[in-house]
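Below is one structure, written out as C-alpha cells, with a few remarks after it.
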Amino acid sequence: MCNLIQKSMQTAIHSYKQHPQLAHKTYDAIVIGSGIGGLGVAAILAKEGKRVLVLERHYTAGGFTHSFKRRGYEWDVGIHYLGEVHRPHTELANWFAYISDNQLQWAEMDEVYDKIIFGNEVFPFHKGRNNFITHLQALFPQPADKQAIEDYVELIYKITRDARLYFTEKALPGALSWAVGGFMRSKFMQLASQSTLKVLQSITQNPKLIGVLTGQFGDYGLTPSQSSFAIHAMVAKHFINGGSFPVGGCSKIAETIATVIAKAGGAVLTNAEVAQIMVSNGKATGVQLADGAVLQANIIISDAGILNTYTKLLLPDVQQTAKLNKQVTQVQPSMGHLGLYLGFKHTAQELNLGKANLWIYPENAYDHDANFARFLQNPDVAPIPLTFISFPSAKDPDWLNRYPGTATIDIITVAPYQWFEQWQNTRWKKRGQDYETYKENMTNRLLNILYQYEPQLKGKLDYHELSTPLTTQHFANYAHGELYGIDHNPQRFGLSFLRPQTPIKNLYLTGQDIASAGIGGALTGGILTASAILKQPVPNIIRKRVGEGRTA
Ligand SMILES: Cc1cc2nc3c(=O)[nH]c(=O)nc-3n(C[C@H](O)[C@H](O)[C@H](O)COP(=O)(O)OP(=O)(O)OC[C@H]3O[C@@H](n4cnc5c(N)ncnc54)[C@H](O)[C@@H]3O)c2cc1C
C-alpha cells in the first residue's frame, strides 16, 4: 500500500517538455504557479470534482516550498519552520490534512523554537503562551517590562482574532463586500494601519524589549518602523505554540498535494511558463505558454504574484482598461535576500546541532531600523543587521534515511535587489568574476558569524553555495528577487483590491499577495480564492469534512 502511494506521488508531477499532451486535455481551471497558494486552491477545487491544470515555469514544483539537490545534499528554499500544523485540529493542520489527503506529516521542533541573539545575549522563545511570557519575564524582571510582555501577547492574540473577519471579507462577492466590507475590516485595521514600532512603543519604552520582541522580523522582511503591526502579530502568534518541519523535507508538500489534484483528473506540469493570460471582452479565457501553445479554461487563477500577473502576463491595453496600472503603483516589491546553503559530511548529532533557529543581531544594537539603515549605507563595513541560521537536517527525522552521515545548514540575510542590478542581464552560473568575488566575500562574512556561535563546525564544511536576489529572480520569477512578494507595510492592509477577484471576469489572484507571506499566509490565499470561486466559505467545508474524517 505504502509503495502504491509513493508511486502515485512520484507520477503526479510531470514535465511539460516530456508530456505536452497533458496540457491539452480539457480542464475546468488553470492555475499559474505551483506555490502553496496555487497548489492549495487547485486541490480544493479538485476535491469539488474540478479538473485543474497547474502550470509551473520552474523545472520543479512547489514555488518556495521546493527543494533542490547538489552533490549528495538537499536544501529547502522557503521553509524553515511552520507554526500550528503539529497541533491537532488547528485550522492550518486541518487545511494541510485536507489538501494532502492526510499524507503530510510534521515533526515538532523542541520547546525553544527561536533564539533571539544580540552579541552574547540570548533570548530564547519558549513554546506555549504562558511559557513564552514567563521565560521572557525572567529575562526582563522589571515590573513595567513584565506588564508590557503580557500586554504584548494579549495584543497579538487580539489582532489575530480580528484577522478572521478581515480575511473572510476578501472572498465575498462585490456587492456584499461593498455593503459590509468596511465593517468587517475595521477592527483589524485599527492596529494593522499602524507600524509594529508604533504599537510596541505604546506598550513599552524599553528599546531592548522592543528589539527582542521584533527579533523574528526576518520572517516578514520589514523592520519595525516599516512593517504593519498586523504582519508582525500574525507571525509571532503563528509560532507562539512552537514550530515544526515537514517529515521527508519540503518537497513532500507539492508531491502530496499534486496527487490530490491528479486524482480528480487534473495535472501539475513543470517547465510550463505562462507568457500571457488571454482576455476577450473583459473576460479571461485561457493562457498562452512561452512556446506559443494556447490553453483554454473557464477559470484562470494566478499564484505568480500581483506584480507579475498585472504587469507581465496581461497586455498593456488590458491593464489600462481594467485600471490595473493604478493598483500596481500602490504596492512595493519586498526586499531580496542572500541564502547560504551548507553541507557537512557529519550528522547533526555529531555536529551537536540543535533544532532552534538562531536570529543573530549586532551586539548591543537593539534598534533594527538603525542597524539596517547603517548596513544599507555602508554594506562593506557595517555589521550585517540580521543573520538567520536554520538547521533543517536536525529538524527532519527522515533526513538520515535519505542522506546518511550528513547534515545541512541554511543561513539567510537581507540584500536589496539594487545591489545586483549591475549583473541582471547575465546568466545563472555565468555572471562573471566580480559577482563571484562579491559572493565569496559575503559567504565568508556569514560563515564567520556561524563559527562564532557554532565553533565546532570550523574545518568541517564540505559544500557551500550562496544564492542572491538574482537567483530568486531566475528560479521564482520575482522581478526584484523579492523574499515575500509585496511589502507588508501598513498601507498594504488597507488595499481592498488585494483579494481573489480581479476587475477581469474569471481571472483570480491567489497566494501570499492577497493574504500574507508565510506558508500559512499563502495557503490562506488559496483558501480565499477557492471560497470566492465556489461561493462558499471553504474553511467551514474543511472543518466539517475533516471532523467527519473525510479528508480523502
Ligand atoms: C528564503 C525564504 C525563507 C522562508 N521561510 C519561511 C518559513 O520558514 N516559514 C514560512 O511559513 N514561510 C517562509 N517563507 C515564505 C513562504 O515560503 C512564502 O510566503 C510562500 O511559499 C509563498 O507562496 P505563494 O504560493 O504565494 O508563491 P510562490 O511560492 O512564490 O510560488 C509562485 C510560483 O509561481 C511560479 N510562476 C511565476 N511566474 C510564472 C509564470 N509566468 N508561469 C508559470 N509559473 C510562474 C513561480 O515559479 C513560483 O513557483 C520563506 C520565503 C523565503 C523566500
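Residues are named by chain letter and number: chains run A, B, ... in the order of the C-alpha cells, numbers start at 1 in each chain, and ligands are numbered from 1 in the order shown.
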Strand (DSSP E) per DSSP on the backbone: members of segment 268-496 of chain A, as a PyMOL selection string: chain A and resi 268-270+274-280+283-289+294-296+299-302+336-344+357-361+387-390+407-415+461-467
Segment 346-357 of chain A environment, 7 Å, only C-alpha atoms, sequence neighbours closer than 3 positions dropped, as a PyMOL selection string: chain A and resi 109-110+112-115+389-391+393-395+405-407+456-457
Excluding Thr408 of chain A and its own-chain neighbours fewer than 5 positions away, which residues fall within 8 Å of it when counting only C-alpha atoms? Please give them as a PDB file with C-alpha atoms, in the first residue's frame.
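Output file selection.pdb is given in full below:
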```pdb
ATOM      1  CA  TYR A  73      22.704  17.083  -0.240  1.00  0.00           C
ATOM      2  CA  GLU A  74      19.223  18.582  -0.385  1.00  0.00           C
ATOM      3  CA  TRP A  75      18.068  22.026   0.774  1.00  0.00           C
ATOM      4  CA  TYR A 341      23.358  26.617   1.792  1.00  0.00           C
ATOM      5  CA  LEU A 342      25.877  24.457   3.653  1.00  0.00           C
ATOM      6  CA  GLY A 343      26.588  20.707   3.581  1.00  0.00           C
ATOM      7  CA  PHE A 344      28.598  18.648   6.088  1.00  0.00           C
ATOM      8  CA  ALA A 348      23.516  16.849  13.024  1.00  0.00           C
ATOM      9  CA  PHE A 391      19.314  23.526  10.898  1.00  0.00           C
ATOM     10  CA  PRO A 392      16.904  21.643   8.595  1.00  0.00           C
ATOM     11  CA  SER A 393      18.562  18.217   8.772  1.00  0.00           C
TER      12      SER A 393
END
```
Given 7 Å and only C-alpha atoms and all ligand atoms, residues near ligand 1 as a PyMOL selection string: chain A and resi 32-38+55-58+61-65+77-82+219+272-275+303-305+308+313+337+339+412+475-477+483-484+510-513+517-523
Who sits within 10 Å of Asp151 of chain A, only C-alpha atoms, same chain under 6 positions skipped, as a VMD selection string: chain A and resid 145 200 203 to 204
Polymer residues at most 7 Å from segment 127-135 of chain A, only C-alpha atoms, same-chain spacing of 6 or more positions, as a list in words: Glu111, Val112, Tyr113, Ile149, Glu150, Ile240, Asn241 and Gly242 of chain A
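Within the 9 Å cut-off around Thr387 of chain A, using only C-alpha atoms and omitting residues fewer than 4 positions from it on the same chain, the listed residues are Gly218, Leu358, Trp359, Ile360, Tyr361, Ile411, Ile412, Thr413, Val414, Leu446, Ile449 and Leu450 of chain A.
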Give me a file of those residues, with all heavy atoms, as a tab-separated table (two decimals), in the first residue's frame.
```tsv
chain	number	residue	atom	x	y	z
A	218	GLY	N	12.68	39.11	10.35
A	218	GLY	CA	13.08	38.49	9.08
A	218	GLY	C	12.02	37.57	8.52
A	218	GLY	O	12.01	37.28	7.32
A	358	LEU	N	18.41	30.37	14.91
A	358	LEU	CA	19.14	31.48	15.54
A	358	LEU	C	18.89	32.76	14.74
A	358	LEU	O	19.03	32.77	13.52
A	358	LEU	CB	20.65	31.19	15.55
A	358	LEU	CG	21.10	29.81	16.07
A	358	LEU	CD1	22.63	29.74	16.10
A	358	LEU	CD2	20.54	29.54	17.46
A	359	TRP	N	18.49	33.81	15.46
A	359	TRP	CA	18.34	35.14	14.85
A	359	TRP	C	19.42	36.02	15.45
A	359	TRP	O	19.30	36.44	16.59
A	359	TRP	CB	16.97	35.72	15.18
A	359	TRP	CG	15.79	34.98	14.63
A	359	TRP	CD1	15.09	33.98	15.22
A	359	TRP	CD2	15.16	35.20	13.37
A	359	TRP	NE1	14.05	33.57	14.42
A	359	TRP	CE2	14.07	34.31	13.27
A	359	TRP	CE3	15.39	36.09	12.31
A	359	TRP	CZ2	13.24	34.26	12.16
A	359	TRP	CZ3	14.55	36.05	11.21
A	359	TRP	CH2	13.49	35.14	11.14
A	360	ILE	N	20.48	36.27	14.68
A	360	ILE	CA	21.65	36.92	15.25
A	360	ILE	C	21.73	38.40	14.82
A	360	ILE	O	21.68	38.72	13.62
A	360	ILE	CB	22.92	36.16	14.82
A	360	ILE	CG1	22.82	34.72	15.36
A	360	ILE	CG2	24.18	36.83	15.35
A	360	ILE	CD1	23.83	33.78	14.80
A	361	TYR	N	21.90	39.26	15.83
A	361	TYR	CA	21.97	40.71	15.59
A	361	TYR	C	23.26	41.25	16.20
A	361	TYR	O	23.84	40.64	17.10
A	361	TYR	CB	20.74	41.39	16.23
A	361	TYR	CG	19.45	40.89	15.63
A	361	TYR	CD1	18.66	39.97	16.30
A	361	TYR	CD2	19.07	41.30	14.35
A	361	TYR	CE1	17.48	39.48	15.72
A	361	TYR	CE2	17.91	40.81	13.77
A	361	TYR	CZ	17.13	39.90	14.45
A	361	TYR	OH	16.00	39.40	13.86
A	411	ILE	N	21.72	29.64	5.95
A	411	ILE	CA	21.91	30.97	6.56
A	411	ILE	C	21.28	32.01	5.62
A	411	ILE	O	21.48	31.95	4.41
A	411	ILE	CB	23.41	31.30	6.75
A	411	ILE	CG1	24.10	30.17	7.51
A	411	ILE	CG2	23.59	32.62	7.48
A	411	ILE	CD1	25.57	30.42	7.80
A	412	ILE	N	20.55	32.92	6.21
A	412	ILE	CA	19.87	33.93	5.38
A	412	ILE	C	20.14	35.33	5.91
A	412	ILE	O	20.16	35.54	7.13
A	412	ILE	CB	18.35	33.67	5.37
A	412	ILE	CG1	18.10	32.38	4.59
A	412	ILE	CG2	17.57	34.81	4.73
A	412	ILE	CD1	16.67	32.03	4.44
A	413	THR	N	20.37	36.24	5.00
A	413	THR	CA	20.37	37.66	5.39
A	413	THR	C	19.68	38.46	4.28
A	413	THR	O	19.38	37.93	3.22
A	413	THR	CB	21.78	38.19	5.67
A	413	THR	OG1	21.65	39.50	6.25
A	413	THR	CG2	22.64	38.30	4.41
A	414	VAL	N	19.42	39.72	4.59
A	414	VAL	CA	18.70	40.55	3.64
A	414	VAL	C	19.67	41.23	2.67
A	414	VAL	O	20.82	41.49	3.02
A	414	VAL	CB	17.88	41.63	4.38
A	414	VAL	CG1	16.66	41.02	5.00
A	414	VAL	CG2	18.74	42.32	5.42
A	446	LEU	N	29.31	35.59	6.44
A	446	LEU	CA	28.24	34.80	7.08
A	446	LEU	C	28.82	33.58	7.80
A	446	LEU	O	28.37	33.23	8.91
A	446	LEU	CB	27.20	34.38	6.03
A	446	LEU	CG	26.38	35.53	5.44
A	446	LEU	CD1	25.56	35.08	4.23
A	446	LEU	CD2	25.44	36.15	6.50
A	449	ILE	N	30.16	34.48	11.19
A	449	ILE	CA	29.10	34.62	12.20
A	449	ILE	C	28.68	33.22	12.67
A	449	ILE	O	28.54	32.96	13.87
A	449	ILE	CB	27.91	35.42	11.64
A	449	ILE	CG1	28.36	36.85	11.34
A	449	ILE	CG2	26.73	35.42	12.62
A	449	ILE	CD1	27.34	37.73	10.65
A	450	LEU	N	28.52	32.29	11.73
A	450	LEU	CA	28.14	30.92	12.11
A	450	LEU	C	29.19	30.33	13.08
A	450	LEU	O	28.81	29.77	14.12
A	450	LEU	CB	28.04	30.04	10.85
A	450	LEU	CG	27.83	28.55	11.11
A	450	LEU	CD1	26.42	28.28	11.63
A	450	LEU	CD2	28.06	27.71	9.83
```
6 Å contact set for Leu314 of chain A, only C-alpha atoms, chain neighbours under 2 positions out, as a PyMOL selection string: chain A and resi 276-277+310+312
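Comparing the minimum interatomic distances between Glu91 of chain A and each of A:Ile542, A:Leu470, A:Leu495, A:Ala262, counting only C-alpha atoms, we find that A:Ile542 sits nearest.
You will find atom CA of Pro539 of chain A at 9.5 Å from atom CA of Thr524 of chain A.
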